[in-house]
$ cat query_39.cif   # mmCIF, C-alpha atoms
data_upload
#
loop_
_atom_site.group_PDB
_atom_site.id
_atom_site.type_symbol
_atom_site.label_atom_id
_atom_site.label_comp_id
_atom_site.auth_asym_id
_atom_site.auth_seq_id
_atom_site.Cartn_x
_atom_site.Cartn_y
_atom_site.Cartn_z
ATOM 1 C CA MET A 1 8.032 25.954 -1.713
ATOM 2 C CA ARG A 2 5.174 24.548 0.339
ATOM 3 C CA ALA A 3 5.410 21.221 2.161
ATOM 4 C CA VAL A 4 3.583 19.309 4.892
ATOM 5 C CA ALA A 5 5.801 18.762 7.919
ATOM 6 C CA ILE A 6 5.322 16.545 10.963
ATOM 7 C CA ALA A 7 5.621 19.047 13.832
ATOM 8 C CA LYS A 8 5.844 16.313 16.485
ATOM 9 C CA ARG A 9 4.674 12.753 16.997
ATOM 10 C CA GLY A 10 0.928 12.488 17.341
ATOM 11 C CA GLY A 11 -2.412 12.528 15.565
ATOM 12 C CA PRO A 12 -3.366 14.173 12.260
ATOM 13 C CA GLU A 13 -3.326 17.584 13.948
ATOM 14 C CA VAL A 14 0.504 17.556 14.035
ATOM 15 C CA LEU A 15 0.672 17.900 10.228
ATOM 16 C CA GLU A 16 1.567 21.501 9.349
ATOM 17 C CA LEU A 17 1.756 23.259 5.996
ATOM 18 C CA ARG A 18 5.017 25.224 5.895
ATOM 19 C CA GLU A 19 7.223 27.236 3.560
ATOM 20 C CA VAL A 20 10.551 25.431 3.218
ATOM 21 C CA SER A 21 13.614 25.658 1.001
ATOM 22 C CA THR A 22 13.485 23.912 -2.355
ATOM 23 C CA PRO A 23 15.803 20.882 -2.270
ATOM 24 C CA GLU A 24 18.829 20.626 -4.537
ATOM 25 C CA PRO A 25 19.363 17.315 -6.344
ATOM 26 C CA ALA A 26 22.494 15.655 -4.996
ATOM 27 C CA GLN A 27 24.568 13.115 -6.894
ATOM 28 C CA GLY A 28 22.305 10.347 -8.167
ATOM 29 C CA GLU A 29 19.124 12.323 -7.494
ATOM 30 C CA LEU A 30 16.314 13.920 -9.504
ATOM 31 C CA LEU A 31 14.514 17.127 -8.589
ATOM 32 C CA VAL A 32 10.839 16.529 -9.345
ATOM 33 C CA GLN A 33 7.868 18.877 -9.510
ATOM 34 C CA VAL A 34 5.276 16.827 -7.640
ATOM 35 C CA GLN A 35 1.919 16.461 -9.349
ATOM 36 C CA ALA A 36 0.434 13.980 -6.878
ATOM 37 C CA ALA A 37 1.607 12.425 -3.617
ATOM 38 C CA GLY A 38 0.180 9.183 -2.272
ATOM 39 C CA VAL A 39 -1.280 8.984 1.237
ATOM 40 C CA ASN A 40 -0.546 5.656 2.919
ATOM 41 C CA TYR A 41 -0.792 3.955 6.303
ATOM 42 C CA ARG A 42 3.000 3.979 6.548
ATOM 43 C CA ASP A 43 2.686 7.790 6.668
ATOM 44 C CA VAL A 44 0.399 7.407 9.690
ATOM 45 C CA TYR A 45 2.890 5.084 11.389
ATOM 46 C CA GLU A 46 5.672 7.615 10.703
ATOM 47 C CA ARG A 47 3.574 10.481 12.080
ATOM 48 C CA GLU A 48 2.800 8.519 15.227
ATOM 49 C CA GLY A 49 6.314 7.116 15.624
ATOM 50 C CA ARG A 50 4.909 3.605 15.610
ATOM 51 C CA GLY A 51 7.094 0.500 15.267
ATOM 52 C CA VAL A 52 10.212 0.953 13.147
ATOM 53 C CA TYR A 53 9.509 4.707 12.916
ATOM 54 C CA ALA A 54 9.920 5.302 16.672
ATOM 55 C CA ASP A 55 13.505 6.496 16.342
ATOM 56 C CA THR A 56 13.470 8.030 12.864
ATOM 57 C CA PRO A 57 13.837 11.817 12.540
ATOM 58 C CA ILE A 58 10.653 13.731 11.811
ATOM 59 C CA GLY A 59 10.474 16.096 8.857
ATOM 60 C CA ILE A 60 8.401 16.468 5.713
ATOM 61 C CA ALA A 61 5.856 13.651 5.481
ATOM 62 C CA GLY A 62 5.183 11.153 2.714
ATOM 63 C CA VAL A 63 7.277 8.897 0.491
ATOM 64 C CA GLU A 64 5.193 8.203 -2.626
ATOM 65 C CA GLY A 65 4.307 10.304 -5.624
ATOM 66 C CA ALA A 66 4.674 11.163 -9.278
ATOM 67 C CA GLY A 67 5.644 14.244 -11.221
ATOM 68 C CA THR A 68 7.973 15.807 -13.776
ATOM 69 C CA VAL A 69 11.757 15.913 -13.534
ATOM 70 C CA THR A 70 13.001 19.515 -13.515
ATOM 71 C CA ALA A 71 16.716 18.958 -12.803
ATOM 72 C CA ILE A 72 19.161 16.097 -12.325
ATOM 73 C CA GLY A 73 22.189 15.647 -10.116
ATOM 74 C CA ASP A 74 25.560 14.296 -11.139
ATOM 75 C CA ALA A 75 25.872 10.660 -12.210
ATOM 76 C CA VAL A 76 22.280 10.409 -13.464
ATOM 77 C CA SER A 77 22.042 8.894 -16.939
ATOM 78 C CA GLU A 78 18.692 7.088 -16.987
ATOM 79 C CA PHE A 79 16.486 10.199 -16.723
ATOM 80 C CA SER A 80 16.322 13.703 -18.207
ATOM 81 C CA PRO A 81 14.456 16.916 -17.384
ATOM 82 C CA GLY A 82 10.907 16.648 -18.690
ATOM 83 C CA ASP A 83 10.553 12.929 -17.925
ATOM 84 C CA ARG A 84 7.492 11.898 -15.940
ATOM 85 C CA VAL A 85 8.454 9.619 -13.068
ATOM 86 C CA ALA A 86 6.853 7.876 -10.122
ATOM 87 C CA TRP A 87 8.375 6.648 -6.848
ATOM 88 C CA HIS A 88 7.321 4.836 -3.684
ATOM 89 C CA ALA A 89 10.131 5.424 -1.181
ATOM 90 C CA SER A 90 11.386 9.026 -1.299
ATOM 91 C CA PRO A 91 11.013 10.918 2.010
ATOM 92 C CA GLY A 92 9.538 14.403 1.823
ATOM 93 C CA SER A 93 6.947 13.694 -0.884
ATOM 94 C CA TYR A 94 4.154 15.778 0.701
ATOM 95 C CA ALA A 95 5.614 18.822 -1.035
ATOM 96 C CA GLU A 96 5.584 20.855 -4.216
ATOM 97 C CA GLN A 97 9.069 19.574 -5.088
ATOM 98 C CA VAL A 98 11.103 16.619 -3.857
ATOM 99 C CA ALA A 99 14.551 15.160 -4.429
ATOM 100 C CA VAL A 100 14.135 11.546 -5.545
ATOM 101 C CA ALA A 101 16.931 8.988 -5.738
ATOM 102 C CA ALA A 102 17.205 8.030 -9.404
ATOM 103 C CA ASP A 103 17.460 4.339 -8.555
ATOM 104 C CA GLU A 104 14.063 4.606 -6.773
ATOM 105 C CA ALA A 105 12.256 6.231 -9.709
ATOM 106 C CA VAL A 106 10.419 4.592 -12.595
ATOM 107 C CA LEU A 107 9.160 6.151 -15.812
ATOM 108 C CA VAL A 108 5.435 6.763 -16.130
ATOM 109 C CA PRO A 109 4.215 5.023 -19.303
ATOM 110 C CA ASP A 110 3.201 7.225 -22.215
ATOM 111 C CA GLY A 111 -0.510 7.889 -22.143
ATOM 112 C CA MET A 112 -0.942 7.149 -18.429
ATOM 113 C CA PRO A 113 -2.135 10.087 -16.300
ATOM 114 C CA THR A 114 0.578 11.082 -13.838
ATOM 115 C CA GLU A 115 -1.728 10.973 -10.833
ATOM 116 C CA LEU A 116 -2.779 7.432 -11.742
ATOM 117 C CA ALA A 117 0.866 6.335 -11.486
ATOM 118 C CA ALA A 118 1.113 8.059 -8.105
ATOM 119 C CA ALA A 119 -2.028 6.264 -6.981
ATOM 120 C CA VAL A 120 -0.951 2.737 -7.871
ATOM 121 C CA LEU A 121 2.780 2.341 -7.356
ATOM 122 C CA LEU A 122 3.130 1.628 -3.626
ATOM 123 C CA GLN A 123 -0.173 -0.181 -3.162
ATOM 124 C CA GLY A 124 0.062 -1.962 -6.503
ATOM 125 C CA MET A 125 3.553 -3.302 -5.853
ATOM 126 C CA THR A 126 2.457 -4.331 -2.354
ATOM 127 C CA ALA A 127 -0.457 -6.318 -3.778
ATOM 128 C CA HIS A 128 1.875 -7.709 -6.447
ATOM 129 C CA TYR A 129 4.472 -9.120 -4.043
ATOM 130 C CA LEU A 130 1.792 -10.454 -1.699
ATOM 131 C CA ALA A 131 0.128 -12.537 -4.432
ATOM 132 C CA THR A 132 3.184 -13.421 -6.534
ATOM 133 C CA SER A 133 6.066 -13.735 -4.045
ATOM 134 C CA THR A 134 4.955 -14.028 -0.404
ATOM 135 C CA PHE A 135 2.315 -16.593 -1.355
ATOM 136 C CA PRO A 136 2.338 -17.270 -5.098
ATOM 137 C CA VAL A 137 -1.373 -17.793 -5.665
ATOM 138 C CA LYS A 138 -2.223 -20.473 -8.180
ATOM 139 C CA SER A 139 -5.440 -21.596 -9.800
ATOM 140 C CA GLY A 140 -8.021 -22.823 -7.308
ATOM 141 C CA ASP A 141 -6.336 -21.469 -4.155
ATOM 142 C CA GLU A 142 -8.780 -20.278 -1.497
ATOM 143 C CA THR A 143 -7.718 -16.903 -0.040
ATOM 144 C CA LEU A 144 -8.921 -14.441 2.591
ATOM 145 C CA VAL A 145 -8.382 -10.721 1.994
ATOM 146 C CA HIS A 146 -9.125 -8.317 4.815
ATOM 147 C CA ALA A 147 -10.211 -4.745 4.045
ATOM 148 C CA GLY A 148 -11.288 -5.810 0.582
ATOM 149 C CA ALA A 149 -12.577 -2.340 -0.356
ATOM 150 C CA GLY A 150 -9.361 -0.555 0.600
ATOM 151 C CA GLY A 151 -6.596 0.577 -1.708
ATOM 152 C CA VAL A 152 -4.395 -2.509 -1.408
ATOM 153 C CA GLY A 153 -7.369 -4.791 -0.851
ATOM 154 C CA ARG A 154 -9.058 -4.109 -4.194
ATOM 155 C CA LEU A 155 -5.770 -4.400 -6.085
ATOM 156 C CA LEU A 156 -4.899 -7.620 -4.271
ATOM 157 C CA ILE A 157 -8.279 -9.132 -5.103
ATOM 158 C CA GLN A 158 -7.776 -8.318 -8.781
ATOM 159 C CA ILE A 159 -4.293 -9.845 -8.903
ATOM 160 C CA ILE A 160 -5.439 -12.991 -7.099
ATOM 161 C CA LYS A 161 -8.214 -13.365 -9.672
ATOM 162 C CA LEU A 162 -5.719 -12.826 -12.511
ATOM 163 C CA ARG A 163 -3.817 -15.813 -11.105
ATOM 164 C CA GLY A 164 -6.921 -17.997 -10.825
ATOM 165 C CA GLY A 165 -7.473 -17.859 -7.056
ATOM 166 C CA ARG A 166 -10.761 -17.615 -5.151
ATOM 167 C CA VAL A 167 -11.262 -14.643 -2.809
ATOM 168 C CA ILE A 168 -13.249 -14.253 0.379
ATOM 169 C CA ALA A 169 -13.077 -10.581 1.365
ATOM 170 C CA THR A 170 -13.978 -8.904 4.634
ATOM 171 C CA THR A 171 -15.604 -5.466 4.595
ATOM 172 C CA SER A 172 -17.361 -3.304 7.179
ATOM 173 C CA THR A 173 -20.368 -2.031 5.187
ATOM 174 C CA ALA A 174 -22.668 -3.079 2.371
ATOM 175 C CA GLU A 175 -21.227 -0.317 0.163
ATOM 176 C CA LYS A 176 -17.687 -1.593 0.736
ATOM 177 C CA ALA A 177 -18.817 -5.150 0.074
ATOM 178 C CA GLU A 178 -20.058 -4.044 -3.344
ATOM 179 C CA LEU A 179 -16.683 -2.417 -4.069
ATOM 180 C CA ALA A 180 -14.887 -5.645 -3.166
ATOM 181 C CA ARG A 181 -17.235 -7.655 -5.382
ATOM 182 C CA SER A 182 -16.672 -5.219 -8.247
ATOM 183 C CA ALA A 183 -12.953 -5.990 -7.935
ATOM 184 C CA GLY A 184 -13.705 -9.698 -8.330
ATOM 185 C CA ALA A 185 -14.244 -11.036 -4.796
ATOM 186 C CA ASP A 186 -16.158 -14.320 -4.892
ATOM 187 C CA GLU A 187 -17.605 -13.833 -1.402
ATOM 188 C CA THR A 188 -17.841 -10.842 0.925
ATOM 189 C CA ILE A 189 -18.355 -11.219 4.659
ATOM 190 C CA GLU A 190 -18.465 -9.008 7.735
ATOM 191 C CA TYR A 191 -15.714 -8.930 10.354
ATOM 192 C CA ASP A 192 -17.893 -10.277 13.154
ATOM 193 C CA GLY A 193 -17.449 -14.044 13.232
ATOM 194 C CA PHE A 194 -15.438 -14.010 10.007
ATOM 195 C CA SER A 195 -13.290 -16.995 10.979
ATOM 196 C CA GLU A 196 -16.298 -19.283 11.377
ATOM 197 C CA ARG A 197 -17.870 -17.904 8.201
ATOM 198 C CA VAL A 198 -14.668 -18.617 6.229
ATOM 199 C CA ARG A 199 -14.773 -22.231 7.386
ATOM 200 C CA GLU A 200 -18.396 -22.506 6.306
ATOM 201 C CA LEU A 201 -17.525 -21.160 2.850
ATOM 202 C CA THR A 202 -14.620 -23.597 2.477
ATOM 203 C CA SER A 203 -16.501 -26.726 3.624
ATOM 204 C CA GLY A 204 -14.691 -26.657 6.953
ATOM 205 C CA VAL A 205 -11.204 -26.715 5.427
ATOM 206 C CA GLY A 206 -10.099 -23.076 5.744
ATOM 207 C CA VAL A 207 -8.095 -20.882 3.378
ATOM 208 C CA CYS A 208 -4.570 -21.407 2.069
ATOM 209 C CA VAL A 209 -3.571 -17.848 2.919
ATOM 210 C CA ALA A 210 -4.987 -14.934 4.902
ATOM 211 C CA TYR A 211 -3.797 -11.471 3.864
ATOM 212 C CA ASP A 212 -4.172 -9.289 6.951
ATOM 213 C CA ALA A 213 -3.452 -5.538 6.994
ATOM 214 C CA VAL A 214 -5.744 -4.881 9.959
ATOM 215 C CA GLY A 215 -3.611 -6.414 12.696
ATOM 216 C CA ALA A 216 -4.665 -6.514 16.338
ATOM 217 C CA SER A 217 -8.429 -6.919 15.888
ATOM 218 C CA THR A 218 -8.278 -9.627 13.195
ATOM 219 C CA PHE A 219 -5.102 -11.570 14.007
ATOM 220 C CA ASP A 220 -6.672 -14.371 16.066
ATOM 221 C CA GLY A 221 -9.524 -14.825 13.612
ATOM 222 C CA SER A 222 -7.116 -14.925 10.687
ATOM 223 C CA LEU A 223 -5.195 -17.772 12.324
ATOM 224 C CA GLY A 224 -8.468 -19.573 12.924
ATOM 225 C CA ALA A 225 -9.481 -19.244 9.278
ATOM 226 C CA LEU A 226 -6.406 -21.075 7.948
ATOM 227 C CA ARG A 227 -6.278 -24.623 6.660
ATOM 228 C CA HIS A 228 -3.562 -27.067 7.700
ATOM 229 C CA ARG A 229 -0.182 -25.572 6.757
ATOM 230 C CA GLY A 230 -1.881 -22.293 5.889
ATOM 231 C CA LEU A 231 -0.039 -18.976 5.859
ATOM 232 C CA LEU A 232 -1.001 -15.782 7.690
ATOM 233 C CA VAL A 233 0.493 -12.768 5.911
ATOM 234 C CA LEU A 234 0.467 -9.867 8.353
ATOM 235 C CA TYR A 235 1.395 -6.907 6.184
ATOM 236 C CA GLY A 236 -0.152 -4.030 8.159
ATOM 237 C CA GLN A 237 -1.633 -3.008 11.483
ATOM 238 C CA ALA A 238 -4.454 -0.550 10.832
ATOM 239 C CA SER A 239 -6.157 -1.489 14.109
ATOM 240 C CA GLY A 240 -2.904 -1.506 16.076
ATOM 241 C CA PRO A 241 0.074 -3.822 16.527
ATOM 242 C CA VAL A 242 -0.439 -7.483 17.323
ATOM 243 C CA ALA A 243 0.407 -8.430 20.899
ATOM 244 C CA PRO A 244 3.283 -10.873 21.461
ATOM 245 C CA PHE A 245 2.060 -14.436 21.027
ATOM 246 C CA ASP A 246 3.259 -17.936 21.750
ATOM 247 C CA PRO A 247 4.381 -19.691 18.525
ATOM 248 C CA GLU A 248 3.136 -22.929 20.084
ATOM 249 C CA ARG A 249 -0.280 -21.740 18.881
ATOM 250 C CA LEU A 250 0.824 -22.561 15.324
ATOM 251 C CA ARG A 251 1.445 -26.195 16.194
ATOM 252 C CA THR A 252 -2.094 -27.584 15.984
ATOM 253 C CA ARG A 253 -2.370 -27.178 12.203
ATOM 254 C CA SER A 254 1.316 -26.581 11.399
ATOM 255 C CA LEU A 255 0.576 -22.958 10.496
ATOM 256 C CA PHE A 256 2.971 -20.344 9.131
ATOM 257 C CA ILE A 257 3.120 -16.598 9.722
ATOM 258 C CA THR A 258 5.148 -13.853 8.030
ATOM 259 C CA ARG A 259 5.485 -10.072 8.378
ATOM 260 C CA PRO A 260 6.659 -8.861 4.936
ATOM 261 C CA VAL A 261 7.462 -5.318 3.791
ATOM 262 C CA LEU A 262 7.692 -3.799 0.319
ATOM 263 C CA GLY A 263 11.327 -2.784 0.738
ATOM 264 C CA SER A 264 12.419 -6.407 0.825
ATOM 265 C CA HIS A 265 10.625 -7.000 -2.475
ATOM 266 C CA THR A 266 12.110 -4.006 -4.323
ATOM 267 C CA ALA A 267 15.612 -4.351 -2.882
ATOM 268 C CA THR A 268 17.376 -4.272 -6.262
ATOM 269 C CA ARG A 269 16.893 -2.010 -9.244
ATOM 270 C CA ASP A 270 16.007 -4.990 -11.430
ATOM 271 C CA GLU A 271 13.313 -6.198 -9.030
ATOM 272 C CA LEU A 272 11.844 -2.698 -8.672
ATOM 273 C CA LEU A 273 11.638 -2.280 -12.442
ATOM 274 C CA GLN A 274 10.166 -5.746 -12.944
ATOM 275 C CA ARG A 275 7.517 -5.347 -10.249
ATOM 276 C CA ALA A 276 6.610 -1.741 -11.053
ATOM 277 C CA GLY A 277 6.651 -2.462 -14.771
ATOM 278 C CA GLU A 278 4.188 -5.323 -14.481
ATOM 279 C CA VAL A 279 1.826 -3.318 -12.265
ATOM 280 C CA LEU A 280 1.881 -0.298 -14.583
ATOM 281 C CA ARG A 281 1.329 -2.505 -17.654
ATOM 282 C CA TRP A 282 -1.672 -4.142 -16.011
ATOM 283 C CA VAL A 283 -3.132 -0.704 -15.301
ATOM 284 C CA ALA A 284 -2.409 0.496 -18.836
ATOM 285 C CA ASP A 285 -4.073 -2.505 -20.486
ATOM 286 C CA GLY A 286 -7.090 -2.462 -18.189
ATOM 287 C CA ARG A 287 -6.405 -5.646 -16.232
ATOM 288 C CA LEU A 288 -5.919 -3.664 -13.019
ATOM 289 C CA GLU A 289 -8.398 -0.953 -12.045
ATOM 290 C CA VAL A 290 -7.231 1.796 -9.699
ATOM 291 C CA ARG A 291 -9.838 3.566 -7.595
ATOM 292 C CA ILE A 292 -8.919 7.075 -6.441
ATOM 293 C CA ALA A 293 -11.140 7.772 -3.449
ATOM 294 C CA GLY A 294 -10.084 11.327 -2.660
ATOM 295 C CA ARG A 295 -7.965 14.230 -3.846
ATOM 296 C CA TYR A 296 -6.840 16.907 -1.367
ATOM 297 C CA PRO A 297 -4.696 20.047 -1.563
ATOM 298 C CA LEU A 298 -1.569 20.034 0.613
ATOM 299 C CA ALA A 299 -3.342 22.279 3.128
ATOM 300 C CA ARG A 300 -5.824 19.453 3.793
ATOM 301 C CA ALA A 301 -3.284 16.722 4.551
ATOM 302 C CA ARG A 302 -4.738 16.444 8.059
ATOM 303 C CA GLN A 303 -8.184 15.674 6.592
ATOM 304 C CA ALA A 304 -6.667 13.059 4.289
ATOM 305 C CA HIS A 305 -5.095 11.272 7.275
ATOM 306 C CA GLU A 306 -8.343 11.462 9.237
ATOM 307 C CA ASP A 307 -10.280 9.957 6.333
ATOM 308 C CA LEU A 308 -7.697 7.195 5.931
ATOM 309 C CA GLU A 309 -7.643 6.247 9.613
ATOM 310 C CA SER A 310 -11.423 6.337 9.976
ATOM 311 C CA ARG A 311 -11.681 3.894 7.056
ATOM 312 C CA ARG A 312 -14.082 6.260 5.322
ATOM 313 C CA ALA A 313 -11.841 5.974 2.281
ATOM 314 C CA THR A 314 -12.598 3.224 -0.232
ATOM 315 C CA GLY A 315 -9.539 3.494 -2.424
ATOM 316 C CA LYS A 316 -6.435 5.613 -2.838
ATOM 317 C CA LEU A 317 -6.058 9.097 -1.357
ATOM 318 C CA LEU A 318 -3.859 11.681 -3.077
ATOM 319 C CA LEU A 319 -2.450 15.071 -2.156
ATOM 320 C CA LEU A 320 -2.275 17.458 -5.111
ATOM 321 C CA PRO A 321 0.296 20.253 -4.584
#
$ encode --input "query_39.cif" --output "structure tokens"
Amino acid sequence: MRAVAIAKRGGPEVLELREVSTPEPAQGELLVQVQAAGVNYRDVYEREGRGVYADTPIGIAGVEGAGTVTAIGDAVSEFSPGDRVAWHASPGSYAEQVAVAADEAVLVPDGMPTELAAAVLLQGMTAHYLATSTFPVKSGDETLVHAGAGGVGRLLIQIIKLRGGRVIATTSTAEKAELARSAGADETIEYDGFSERVRELTSGVGVCVAYDAVGASTFDGSLGALRHRGLLVLYGQASGPVAPFDPERLRTRSLFITRPVLGSHTATRDELLQRAGEVLRWVADGRLEVRIAGRYPLARARQAHEDLESRRATGKLLLLP
């Protein structure tokens, strides 16, 4: 079968399309014919060996996707061949076939296109935990969402609005600002001087929570945009990791900061099913719109990474084996 391997740590050029052996489903695993694989920033971090991925073995890239079960290993009772499933944490997903742990898979709802499930699961559950668990947004809460036209950003805006919050979104272009507004953002602003602009829009008070996936270039401004006892949620580092900082800086307004990850919010089977189920239901009933910004064959995985990192993408990118 064909798969995209990480030849060595580095830029998008290290992604190589190779012929590899088809995996066999071990005990508790499903063998899935991949119909779409999600492209995510965590894949970039893995390729580069950034952060927690510095010491992990390199191999076939990607962890998210959706497809059809073709075989099952021993001790699998929840799924059968022919089922359509989606997953967000199965290594080796940039491939025509992948072995997926059964306890990491969820059924794709009847009537939902398979690639739509692949496009929403990781980013949708990320947006879900950010707005319902990390900071449970309630009616009237003022929020700041960076990268409001991105894959997580647009989903996060929609979920915040479902919960009655107000959203100020940062974007880099007029086109992206329109995409953020179409998702429900109340205000869109540029990155330059965003902290001061947030204070203007909140009558000098600041926001309750700043959702920051950009990292190094926005971190200081995000802290400055918070109200007293506000929370900075640093859930990504698209512009690079944040430099070490003195927590004494939080003292002036009694600020909080957290660095959450999806794995901690899908740690049990019950929580995964609850979170994924709610996201997929919202998509199915039209409350959550998923924007697929690009579809690429496996041979163009390098281009998909380049488009993601350049921020040319305004939504989800998929690889279609």
$ atom_distance --input "query_39.cif" --atom1 "CA of Val20 in chain A" --atom2 "CA of Met1 in chain A"
5.6 Å
$ resolve_selection --input "query_39.cif" --expression "the PyMOL selection byres ((chain A and resi 4) around 6)" --output "compact mmCIF listing (two decimals) with C-alpha atoms, in the coordinates of the input"
# COMPACT_ATOMS: atom_id res chain seq x y z
CA ALA A 3 5.41 21.22 2.16
CA ALA A 5 5.80 18.76 7.92
CA GLU A 16 1.57 21.50 9.35
CA LEU A 17 1.76 23.26 6.00
CA ILE A 60 8.40 16.47 5.71
CA TYR A 94 4.15 15.78 0.70
$ resolve_selection --input "query_39.cif" --expression "the PyMOL selection byres ((chain A and resi 83) around 9)" --output "PyMOL selection string"
chain A and resi 67-70+79-82+84-85+107-108
$ resolve_selection --input "query_39.cif" --expression "the PyMOL selection byres ((chain A and resi 121) around 10)" --output "list in words"
Gly38, Glu64, Gly65, Ala66, Ala86, Trp87, His88, Val106, Leu116, Ala117, Ala118, Ala119, Val120, Leu122, Gln123, Gly124, Met125, Thr126, Ala127, Arg275, Ala276, Gly277, Val279 and Leu280 of chain A
$ closest_residue --input "query_39.cif" --among "A:Leu308, A:Ala61, A:Ala216, A:Cys208" --to "Gly294 in chain A" --atoms "all atoms listed in the file"
A:Leu308
$ atom_distance --input "query_39.cif" --atom1 "CA of Arg181 in chain A" --atom2 "CA of Ala149 in chain A"
8.7 Å
$ atom_distance --input "query_39.cif" --atom1 "CA of Ala99 in chain A" --atom2 "CA of Arg9 in chain A"
23.7 Å
$ closest_residue --input "query_39.cif" --among "A:Val34, A:Ala225, A:Val14, A:Leu162" --to "His128 in chain A" --atoms "only C-alpha atoms"
A:Leu162
$ closest_residue --input "query_39.cif" --among "A:Glu306, A:Glu19, A:Asp110, A:Glu96" --to "Leu319 in chain A" --atoms "all atoms listed in the file"
A:Glu96
$ closest_residue --input "query_39.cif" --among "A:Pro23, A:Gly206, A:Gly165, A:Gly153" --to "Gly92 in chain A" --atoms "only C-alpha atoms"
A:Pro23
$ residues_around --input "query_39.cif" --residues "Val44 in chain A" --least-positions-apart "2" --cutoff "9 Å" --atoms "all atoms listed in the file" --output "PyMOL selection string"
chain A and resi 11-12+39-42+46-50+305+308-309
$ closest_residue --input "query_39.cif" --among "A:Arg253, A:Gln274, A:Pro321, A:Glu187" --to "Glu200 in chain A" --atoms "all atoms listed in the file"
A:Glu187
$ closest_residue --input "query_39.cif" --among "A:Ser239, A:Thr56, A:Ser77, A:Ser203" --to "Lys8 in chain A" --atoms "all atoms listed in the file"
A:Thr56
$ residues_near_point --input "query_39.cif" --point "(9.6, -9.6, 3.4)" --cutoff "12 Å" --atoms "only C-alpha atoms" --output "mmCIF file with C-alpha atoms, keeping the file's coordinate frame"
data_model
loop_
_atom_site.group_PDB
_atom_site.id
_atom_site.type_symbol
_atom_site.label_atom_id
_atom_site.label_comp_id
_atom_site.auth_asym_id
_atom_site.auth_seq_id
_atom_site.Cartn_x
_atom_site.Cartn_y
_atom_site.Cartn_z
ATOM 1 C CA THR A 126 2.457 -4.331 -2.354
ATOM 2 C CA TYR A 129 4.472 -9.120 -4.043
ATOM 3 C CA LEU A 130 1.792 -10.454 -1.699
ATOM 4 C CA SER A 133 6.066 -13.735 -4.045
ATOM 5 C CA THR A 134 4.955 -14.028 -0.404
ATOM 6 C CA PHE A 135 2.315 -16.593 -1.355
ATOM 7 C CA VAL A 233 0.493 -12.768 5.911
ATOM 8 C CA LEU A 234 0.467 -9.867 8.353
ATOM 9 C CA TYR A 235 1.395 -6.907 6.184
ATOM 10 C CA ILE A 257 3.120 -16.598 9.722
ATOM 11 C CA THR A 258 5.148 -13.853 8.030
ATOM 12 C CA ARG A 259 5.485 -10.072 8.378
ATOM 13 C CA PRO A 260 6.659 -8.861 4.936
ATOM 14 C CA VAL A 261 7.462 -5.318 3.791
ATOM 15 C CA LEU A 262 7.692 -3.799 0.319
ATOM 16 C CA GLY A 263 11.327 -2.784 0.738
ATOM 17 C CA SER A 264 12.419 -6.407 0.825
ATOM 18 C CA HIS A 265 10.625 -7.000 -2.475
ATOM 19 C CA THR A 266 12.110 -4.006 -4.323
ATOM 20 C CA ALA A 267 15.612 -4.351 -2.882
#
$ residues_around --input "query_39.cif" --residues "Ile157 in chain A" --least-positions-apart "2" --cutoff "7 Å" --atoms "only C-alpha atoms" --output "MDAnalysis selection string"
chainID A and resid 153:155 159:161 167 183:185
$ residues_around --input "query_39.cif" --residues "Ser222 in chain A" --least-positions-apart "4" --cutoff "7 Å" --atoms "all atoms listed in the file" --output "PyMOL selection string"
chain A and resi 195+210+218+226+232
